[in-house]
>>> print(open('protein_30.txt').read())   # compact mmCIF, C-alpha atoms
# COMPACT_ATOMS: atom_id res chain seq x y z
CA MET A 26 0.00 0.00 0.00
CA ALA A 27 1.23 3.48 -0.87
CA GLU A 28 2.38 5.80 1.88
CA THR A 29 -0.31 8.08 3.31
CA ILE A 30 -0.48 11.16 5.51
CA GLN A 31 -3.25 12.33 7.81
CA LEU A 32 -5.00 15.68 7.32
CA GLU A 33 -6.83 17.33 10.19
CA VAL A 34 -9.19 19.74 8.53
CA THR A 35 -11.44 22.36 10.14
CA ARG A 36 -15.11 21.67 9.54
CA TYR A 37 -17.80 24.21 10.30
CA SER A 38 -21.33 24.17 9.04
CA PRO A 39 -23.23 27.34 9.96
CA GLU A 40 -26.51 25.41 9.77
CA LYS A 41 -25.49 22.65 12.17
CA ASP A 42 -22.48 23.62 14.29
CA SER A 43 -22.06 26.13 17.07
CA ALA A 44 -18.25 26.00 16.74
CA PRO A 45 -15.71 24.51 14.32
CA SER A 46 -14.27 21.05 14.85
CA PHE A 47 -11.60 18.95 13.16
CA GLN A 48 -12.17 16.04 10.82
CA LYS A 49 -9.41 13.59 9.93
CA TYR A 50 -8.73 12.32 6.42
CA GLU A 51 -6.06 9.90 5.25
CA VAL A 52 -4.63 10.93 1.88
CA PRO A 53 -1.80 9.55 -0.29
CA LEU A 54 1.55 11.18 0.44
CA ARG A 55 2.85 11.95 -3.03
CA LYS A 56 6.08 13.80 -3.54
CA ASP A 57 4.60 16.15 -6.13
CA TRP A 58 1.45 16.96 -4.15
CA VAL A 59 0.81 20.25 -2.44
CA VAL A 60 -1.69 20.65 0.41
CA LEU A 61 -4.30 21.88 -2.07
CA ASP A 62 -3.95 18.63 -4.07
CA ALA A 63 -4.67 16.69 -0.90
CA LEU A 64 -7.77 18.80 -0.19
CA ASN A 65 -8.98 18.27 -3.75
CA TYR A 66 -8.37 14.53 -3.34
CA VAL A 67 -10.55 14.55 -0.21
CA LYS A 68 -13.29 16.48 -2.01
CA ASP A 69 -13.19 14.18 -5.06
CA LYS A 70 -12.82 10.80 -3.37
CA GLN A 71 -13.81 11.00 0.28
CA ASP A 72 -16.06 13.92 1.23
CA GLY A 73 -17.71 16.14 -1.37
CA SER A 74 -19.04 18.48 1.31
CA LEU A 75 -15.59 19.83 2.24
CA THR A 76 -15.60 23.51 1.26
CA PHE A 77 -12.56 25.60 0.38
CA ARG A 78 -11.50 28.27 -2.10
CA TRP A 79 -8.96 27.80 -4.85
CA SER A 80 -8.48 28.79 -8.46
CA CYS A 81 -5.17 29.04 -10.29
CA ARG A 82 -3.05 26.42 -8.46
CA MET A 83 0.09 28.43 -9.28
CA GLY A 84 0.46 31.10 -6.60
CA VAL A 85 -1.09 33.91 -8.59
CA CYS A 86 -4.77 34.21 -7.68
CA GLY A 87 -4.31 34.32 -3.90
CA SER A 88 -7.49 32.30 -3.20
CA CYS A 89 -6.14 29.23 -1.45
CA GLY A 90 -4.59 30.84 1.63
CA MET A 91 -5.10 28.70 4.76
CA MET A 92 -3.36 27.96 8.02
CA VAL A 93 -1.14 24.90 7.58
CA ASN A 94 0.14 23.63 10.92
CA GLY A 95 -0.49 27.08 12.36
CA GLU A 96 1.31 29.04 9.62
CA PRO A 97 -0.47 31.11 6.98
CA LYS A 98 0.34 29.51 3.63
CA LEU A 99 -0.80 29.39 0.03
CA THR A 100 -1.85 25.73 -0.06
CA CYS A 101 -1.00 25.53 -3.77
CA ALA A 102 2.62 26.30 -2.96
CA THR A 103 3.06 24.20 0.17
CA PHE A 104 4.26 20.65 -0.37
CA LEU A 105 2.67 17.86 1.66
CA SER A 106 5.98 16.03 1.96
CA LYS A 107 7.33 18.93 4.04
CA TYR A 108 4.98 17.84 6.83
CA ALA A 109 5.65 14.07 6.65
CA PRO A 110 4.96 11.92 8.59
CA GLY A 111 2.10 14.25 9.61
CA PRO A 112 -0.52 14.90 10.67
CA VAL A 113 -1.08 18.14 8.77
CA ARG A 114 -3.53 20.52 10.34
CA VAL A 115 -5.39 22.68 7.81
CA GLU A 116 -7.46 25.56 9.18
CA PRO A 117 -9.12 28.65 7.73
CA LEU A 118 -7.08 31.86 7.79
CA ARG A 119 -6.73 33.12 11.35
CA TYR A 120 -8.53 36.30 12.53
CA PHE A 121 -11.16 36.13 9.76
CA PRO A 122 -14.75 35.03 10.39
CA ILE A 123 -15.39 31.50 9.12
CA VAL A 124 -18.24 31.21 6.63
CA ARG A 125 -17.96 27.46 6.19
CA ASP A 126 -15.17 24.88 6.67
CA LEU A 127 -12.04 26.56 5.23
CA VAL A 128 -13.80 29.53 3.64
CA VAL A 129 -13.41 32.90 5.37
CA GLU A 130 -15.28 36.16 5.02
CA MET A 131 -13.14 38.86 3.40
CA SER A 132 -15.43 41.88 3.01
CA ASP A 133 -13.76 43.71 5.92
CA PHE A 134 -10.42 43.36 4.13
CA MET A 135 -11.89 44.49 0.80
CA ALA A 136 -13.44 47.58 2.43
CA LYS A 137 -10.06 48.48 3.94
CA PHE A 138 -8.42 48.05 0.56
CA ARG A 139 -10.76 50.59 -1.03
CA LYS A 140 -10.19 53.00 1.85
CA VAL A 141 -6.53 53.62 0.94
CA LYS A 142 -7.40 54.77 -2.61
CA PRO A 143 -5.44 52.09 -4.50
CA TRP A 144 -5.40 53.89 -7.82
CA LEU A 145 -3.40 56.70 -9.40
CA VAL A 146 -4.63 60.02 -8.03
CA ARG A 147 -3.87 63.02 -10.23
CA LYS A 148 -4.37 66.66 -9.29
CA ASP A 149 -3.33 68.09 -12.65
CA ASP A 150 -4.59 65.53 -15.12
CA LYS A 151 -3.57 66.19 -18.69
CA PRO A 152 -5.66 65.55 -21.83
CA LEU A 153 -5.26 62.20 -23.59
CA SER A 154 -3.85 63.97 -26.65
CA GLU A 155 -0.71 64.80 -24.65
CA GLY A 156 0.06 61.11 -24.32
CA GLU A 157 0.85 58.83 -21.43
CA PHE A 158 2.75 59.55 -18.23
CA LEU A 159 6.19 58.15 -18.86
CA GLN A 160 8.16 56.29 -16.24
CA THR A 161 11.78 55.19 -16.18
CA PRO A 162 12.83 51.65 -15.10
CA GLU A 163 14.36 53.23 -11.96
CA GLN A 164 11.03 54.88 -11.08
CA LEU A 165 9.28 51.54 -11.61
CA GLU A 166 11.79 49.75 -9.41
CA VAL A 167 10.97 52.03 -6.45
CA TYR A 168 7.42 50.67 -6.05
CA LYS A 169 7.48 47.39 -8.01
CA GLN A 170 7.96 45.22 -4.93
CA TYR A 171 4.74 46.57 -3.39
CA SER A 172 2.78 46.01 -6.59
CA MET A 173 3.33 42.24 -6.42
CA CYS A 174 0.58 41.73 -3.80
CA ILE A 175 -2.01 39.13 -4.80
CA ASN A 176 -4.50 39.95 -2.00
CA CYS A 177 -4.14 36.52 -0.46
CA THR A 178 -4.48 38.03 3.07
CA LEU A 179 -1.83 35.72 4.55
CA CYS A 180 -0.30 38.84 6.10
CA TYR A 181 -3.55 39.59 7.96
CA ALA A 182 -3.60 36.03 9.31
CA ALA A 183 0.00 36.53 10.52
CA CYS A 184 -0.71 39.88 12.19
CA PRO A 185 -1.75 39.72 15.86
CA VAL A 186 -2.58 43.43 15.79
CA TYR A 187 -5.32 42.76 13.23
CA GLY A 188 -6.62 39.95 15.43
CA LEU A 189 -6.77 42.19 18.48
CA ASP A 190 -7.94 45.41 16.82
CA PRO A 191 -10.59 44.86 14.12
CA PHE A 192 -10.23 48.50 13.03
CA PHE A 193 -6.55 48.18 12.10
CA ILE A 194 -6.27 48.75 8.35
CA GLY A 195 -3.69 45.99 8.09
CA PRO A 196 -0.46 45.14 6.29
CA ALA A 197 -1.55 44.56 2.68
CA ALA A 198 -3.71 47.69 2.47
CA ILE A 199 -0.90 49.89 3.82
CA ALA A 200 1.65 48.27 1.49
CA LEU A 201 -0.73 48.95 -1.38
CA ALA A 202 -1.05 52.60 -0.33
CA GLN A 203 2.74 52.76 -0.33
CA ARG A 204 2.78 51.21 -3.82
CA TYR A 205 0.79 54.18 -5.14
CA ASN A 206 2.56 56.78 -2.98
CA MET A 207 5.89 55.77 -4.45
CA ASP A 208 4.63 55.72 -8.02
CA SER A 209 6.07 58.73 -9.86
CA ARG A 210 2.72 59.22 -11.68
CA ASP A 211 0.68 59.53 -8.48
CA GLN A 212 -0.18 62.73 -6.61
CA GLY A 213 -2.44 61.32 -3.92
CA SER A 214 -0.04 60.69 -1.05
CA ASP A 215 -1.53 63.55 1.05
CA GLU A 216 -5.01 62.08 0.73
CA ARG A 217 -3.74 58.64 1.76
CA MET A 218 -1.70 60.12 4.59
CA ASP A 219 -4.89 61.62 6.09
CA ILE A 220 -6.38 58.12 6.19
CA LEU A 221 -3.31 56.18 7.21
CA SER A 222 -1.84 58.55 9.79
CA GLN A 223 -4.78 57.76 12.07
CA HIS A 224 -4.32 55.33 14.93
CA GLU A 225 -5.98 52.48 13.02
CA GLY A 226 -3.57 53.09 10.15
CA ILE A 227 0.20 52.93 10.41
CA TRP A 228 0.38 53.74 14.13
CA GLY A 229 -1.57 50.64 15.04
CA CYS A 230 1.34 48.52 13.76
CA THR A 231 3.76 47.40 16.46
CA PHE A 232 6.22 45.91 13.94
CA VAL A 233 5.82 42.26 14.84
CA GLY A 234 7.21 41.64 11.33
CA GLU A 235 5.37 38.36 10.72
CA CYS A 236 3.40 39.80 7.79
CA THR A 237 6.62 40.08 5.81
CA LYS A 238 7.62 36.49 6.63
CA ALA A 239 4.18 35.20 5.62
CA CYS A 240 4.06 37.04 2.29
CA PRO A 241 4.47 34.60 -0.62
CA LYS A 242 5.38 37.42 -3.00
CA ASN A 243 8.10 39.18 -0.95
CA VAL A 244 6.07 42.37 -0.76
CA ASP A 245 7.45 43.26 2.71
CA PRO A 246 4.37 44.98 4.16
CA ALA A 247 6.14 45.50 7.52
CA GLY A 248 8.83 47.49 5.73
CA ALA A 249 6.21 49.54 3.87
CA ILE A 250 4.49 50.43 7.14
CA GLN A 251 7.72 51.49 8.87
CA GLN A 252 8.70 53.61 5.87
CA TYR A 253 5.24 55.15 5.96
CA LYS A 254 5.71 55.97 9.64
CA LEU A 255 8.95 57.75 8.78
CA ALA A 256 7.22 59.73 6.01
CA ALA A 257 4.36 60.65 8.38
CA THR A 258 6.82 61.84 11.02
CA MET A 259 8.73 63.96 8.49
CA ASN A 260 5.43 65.37 7.30
CA TRP A 261 4.48 66.26 10.86
CA PHE A 262 7.80 68.04 11.40
CA LYS A 263 7.37 69.92 8.15
CA THR A 264 3.90 71.14 9.16
CA LEU A 265 5.30 72.07 12.58
CA LEU A 266 8.19 74.08 11.14
CA ALA A 267 6.34 75.58 8.18
CA PRO A 268 2.58 75.31 8.87
CA LYS A 269 1.56 77.32 5.83
CA ALA A 270 3.84 75.65 3.29
CA PRO A 271 2.18 73.22 0.90
CA ARG A 272 2.79 69.63 1.92
CA MET B 10 -16.27 59.58 18.29
CA ARG B 11 -15.28 56.52 16.37
CA PRO B 12 -17.37 53.37 16.72
CA GLN B 13 -16.09 51.03 19.41
CA PRO B 14 -15.37 47.39 18.55
CA GLN B 15 -18.14 45.09 19.59
CA PRO B 16 -17.21 42.28 21.92
CA ALA B 17 -15.82 39.07 20.45
CA PRO B 18 -16.68 36.67 18.91
CA THR B 19 -18.44 38.66 16.19
CA PRO B 20 -17.06 42.18 15.70
CA TYR B 21 -17.01 41.85 11.91
CA THR B 22 -20.24 39.96 11.69
CA PRO B 23 -23.09 41.90 13.31
CA TYR B 24 -25.55 40.88 10.57
CA HIS B 25 -24.20 37.38 10.12
CA PRO B 26 -24.28 35.65 13.47
CA ARG B 27 -23.73 32.28 11.82
CA TRP B 28 -20.25 33.21 10.70
CA TYR B 29 -17.90 31.89 13.32
CA ARG B 30 -15.19 34.15 14.65
CA THR B 31 -12.49 32.48 16.71
CA PRO B 32 -11.86 34.57 19.82
CA VAL B 33 -8.26 35.74 20.27
CA SER B 34 -6.78 34.47 23.53
CA THR B 35 -5.23 36.94 25.97
CA TYR B 36 -2.19 34.65 25.87
CA TRP B 37 -1.90 34.67 22.05
CA TRP B 38 1.77 35.63 22.39
CA MET B 39 2.60 32.49 24.35
CA HIS B 40 1.47 30.07 21.64
CA ARG B 41 4.22 30.77 19.12
CA TRP B 42 7.91 31.53 19.60
CA VAL B 43 7.94 34.40 17.07
CA TYR B 44 5.17 36.20 18.94
CA PHE B 45 6.82 35.48 22.28
CA ARG B 46 10.07 36.94 20.93
CA PHE B 47 8.17 40.04 19.80
CA VAL B 48 6.75 40.53 23.31
CA LEU B 49 10.24 39.98 24.75
CA ARG B 50 11.55 42.64 22.38
CA GLU B 51 8.95 45.10 23.64
CA LEU B 52 9.44 44.24 27.32
CA THR B 53 13.23 44.44 27.14
CA SER B 54 12.86 48.14 26.38
CA PHE B 55 12.76 48.44 30.19
CA GLY B 56 16.54 47.82 30.06
CA ALA B 57 17.00 50.88 27.85
CA ALA B 58 14.61 52.89 30.05
CA TYR B 59 16.61 51.89 33.15
CA PHE B 60 19.82 53.29 31.65
CA CYS B 61 18.05 56.52 30.67
CA VAL B 62 16.77 57.01 34.23
CA MET B 63 20.20 56.19 35.71
CA THR B 64 21.86 58.70 33.38
CA LEU B 65 19.38 61.39 34.45
CA LEU B 66 20.05 60.58 38.12
CA LEU B 67 23.78 60.72 37.42
CA VAL B 68 23.44 64.17 35.87
CA ARG B 69 21.34 65.30 38.84
CA ALA B 70 24.00 64.05 41.28
CA LEU B 71 26.67 65.79 39.22
CA SER B 72 24.77 69.08 39.37
CA LYS B 73 24.61 68.85 43.16
CA GLY B 74 28.37 68.81 43.51
CA PRO B 75 31.31 66.42 44.04
CA GLN B 76 30.00 64.95 47.32
CA ALA B 77 26.62 64.02 45.91
CA PHE B 78 28.30 62.55 42.84
CA GLU B 79 30.65 60.46 45.00
CA ALA B 80 27.72 59.21 47.10
CA PHE B 81 25.88 58.27 43.91
CA GLU B 82 28.94 56.36 42.66
CA VAL B 83 29.20 54.47 45.94
CA ARG B 84 25.52 53.56 45.72
CA LEU B 85 25.97 52.32 42.15
CA ALA B 86 28.83 50.08 43.32
CA SER B 87 26.54 48.21 45.72
CA PRO B 88 25.74 44.55 44.84
CA PHE B 89 22.07 45.42 44.23
CA PHE B 90 22.83 48.10 41.63
CA ILE B 91 25.56 45.98 40.01
CA CYS B 92 22.98 43.19 39.61
CA MET B 93 20.42 45.64 38.23
CA THR B 94 22.94 47.06 35.76
CA VAL B 95 23.95 43.60 34.52
CA ILE B 96 20.29 42.60 34.05
CA ALA B 97 19.49 45.92 32.34
CA LEU B 98 22.52 45.48 30.08
CA LEU B 99 21.38 42.01 28.99
CA LEU B 100 17.86 43.32 28.33
CA ALA B 101 19.20 46.28 26.39
CA LEU B 102 21.52 44.06 24.33
CA PHE B 103 18.62 41.79 23.35
CA HIS B 104 16.43 44.81 22.61
CA THR B 105 19.12 46.43 20.47
CA SER B 106 19.99 43.33 18.45
CA THR B 107 16.33 42.57 17.69
CA TRP B 108 15.77 46.13 16.48
CA PHE B 109 18.95 46.08 14.43
CA SER B 110 17.78 42.93 12.67
CA LEU B 111 14.53 44.72 11.75
CA SER B 112 16.21 47.93 10.61
CA ALA B 113 16.71 46.61 7.07
CA HIS B 114 12.92 46.65 6.60
CA ALA B 115 12.44 50.16 7.91
CA MET B 116 15.37 51.83 6.13
CA VAL B 117 15.54 52.02 2.39
CA VAL B 118 18.90 53.32 1.26
CA ARG B 119 19.52 53.73 -2.44
CA ILE B 120 22.91 54.34 -3.94
CA GLY B 121 22.93 55.16 -7.64
CA GLY B 122 19.32 53.97 -7.99
CA THR B 123 20.07 50.53 -6.52
CA ARG B 124 18.73 49.53 -3.11
CA VAL B 125 21.45 48.70 -0.61
CA PRO B 126 20.99 45.07 0.57
CA GLY B 127 19.43 44.66 4.01
CA ILE B 128 22.41 42.81 5.44
CA LEU B 129 24.64 45.83 4.80
CA ILE B 130 22.21 48.09 6.66
CA VAL B 131 22.19 45.70 9.64
CA ALA B 132 26.01 45.48 9.47
CA GLY B 133 26.17 49.29 9.31
CA ASN B 134 24.15 49.53 12.53
CA TYR B 135 26.48 47.10 14.30
CA ALA B 136 29.53 48.96 12.94
CA ALA B 137 28.16 52.29 14.20
CA TRP B 138 27.46 50.68 17.59
CA LEU B 139 31.06 49.37 17.76
CA VAL B 140 32.52 52.75 16.82
CA VAL B 141 30.43 54.61 19.43
CA SER B 142 31.29 51.96 22.05
CA ALA B 143 35.01 52.23 21.21
CA ILE B 144 34.93 56.04 21.49
CA LEU B 145 33.14 55.81 24.86
CA ALA B 146 35.56 53.13 26.09
CA TRP B 147 38.54 55.29 25.08
CA PHE B 148 36.99 58.30 26.79
CA LEU B 149 36.26 56.43 30.02
CA LEU B 150 39.32 54.20 30.28
CA ARG B 151 42.17 56.46 29.12
>>> encode(input="protein_30.txt", output="structure tokens")
Amino acid sequence: MAETIQLEVTRYSPEKDSAPSFQKYEVPLRKDWVVLDALNYVKDKQDGSLTFRWSCRMGVCGSCGMMVNGEPKLTCATFLSKYAPGPVRVEPLRYFPIVRDLVVEMSDFMAKFRKVKPWLVRKDDKPLSEGEFLQTPEQLEVYKQYSMCINCTLCYAACPVYGLDPFFIGPAAIALAQRYNMDSRDQGSDERMDILSQHEGIWGCTFVGECTKACPKNVDPAGAIQQYKLAATMNWFKTLLAPKAPR
Amino acid sequence: MRPQPQPAPTPYTPYHPRWYRTPVSTYWWMHRWVYFRFVLRELTSFGAAYFCVMTLLLVRALSKGPQAFEAFEVRLASPFFICMTVIALLLALFHTSTWFSLSAHAMVVRIGGTRVPGILIVAGNYAAWLVVSAILAWFLLR
């Protein structure tokens, strides 16, 4: 008989359960299988009612984020063999409300995303006939790292501040704000600063640093937040020294 | 006044009571080493605070004249204060090294359009620390 590994998967049915519980499944331990393959195997062969999100299976869509043995992971990029001989505990992303089994509710996160104005803000827009806003490779390099975010929310599941303070805007949203602030074509950093310099914005962050470790795309949200804090402090000093000068 | 968070387990889910929200334990920082280390980093700031307070007391003693300064020095040489200083030093060393290791995330230094690697920033912090320590040691021990 082929080698197997045990999965302990969170089950929660809002119709039947008052709290989540774990269900065990025995799945083949194949060298080329990721945790998502094992979940799909369970759904296909053992229990069709198991509910979870996934789409691209290649670390791009950001749908299959779950807690694997207590760590936030993209299950499509986490090999089963890493956890041999098991068991492997698969849970929904921490700090998010559970809708069903491994599916979490993300509307709070999406609302926070919109709040930081994640688009190019222009104050002096020019007509289309004048052509595009040009950007050099160096100018692209400044913000490129922050534009790699795939909204998988692993960083929120790694952030105890988000767990303790539901109003904290959170790592990915602040990193995204920084992505636009550092874009040479954007002129909206003042507007974002008004939102993010509040307590629930950058100052809520205590620099635990786990968001950066959890990020599968090396976005470094913790770094973005600290750099934002520095910019906010400089801004504050500027307004203190020259209150009437334009920011 | 901003809206206050509703009590757990459902602050995000006022209209969806069937969504389950796992309550966050008061001892969340004890469950994982990385979180425990973070709390240690924060708590060890007391070591740095201790040295600040002692420096202020030293300056106060100095301002009161040679006798007060001498009395302060004698008090610092007592076993209790030597123990406190050693403990505070260990706390401050841990606090400093953990912050140095994070500095690469907070500081972006670009030279000629290229970002300086994080390890060089951390090494720069340690080098600056060594230089300052060497200057102080020379000043105090010459």
>>> interface_residues(input="protein_30.txt", of="chain B", to="chain A", cutoff="6 Å", atoms="all atoms listed in the file", output="list in words")
Arg27, Trp28, Tyr29, Arg30, Phe47, His114 and Ala115 of chain B
>>> residues_near_point(input="protein_30.txt", point="(-14.5, 23.0, 11.4)", cutoff="7 Å", atoms="all atoms listed in the file", output="list in words")
Val34, Thr35, Arg36, Tyr37, Pro45, Ser46, Phe47 and Asp126 of chain A
>>> residues_near_point(input="protein_30.txt", point="(-6.5, 32.2, 4.0)", cutoff="6 Å", atoms="only C-alpha atoms", output="PyMOL selection string")
chain A and resi 90-91+117-118+179
>>> closest_residue(input="protein_30.txt", among="B:Trp138, B:Trp147, B:Phe81, B:Phe89", to="B:Phe109", atoms="all atoms listed in the file")
B:Trp138
>>> atom_distance(input="protein_30.txt", atom1="atom CA of B:Thr53", atom2="atom CA of B:Trp37")
18.7 Å
>>> atom_distance(input="protein_30.txt", atom1="atom CA of B:Ser87", atom2="atom CA of B:Met63")
14.3 Å
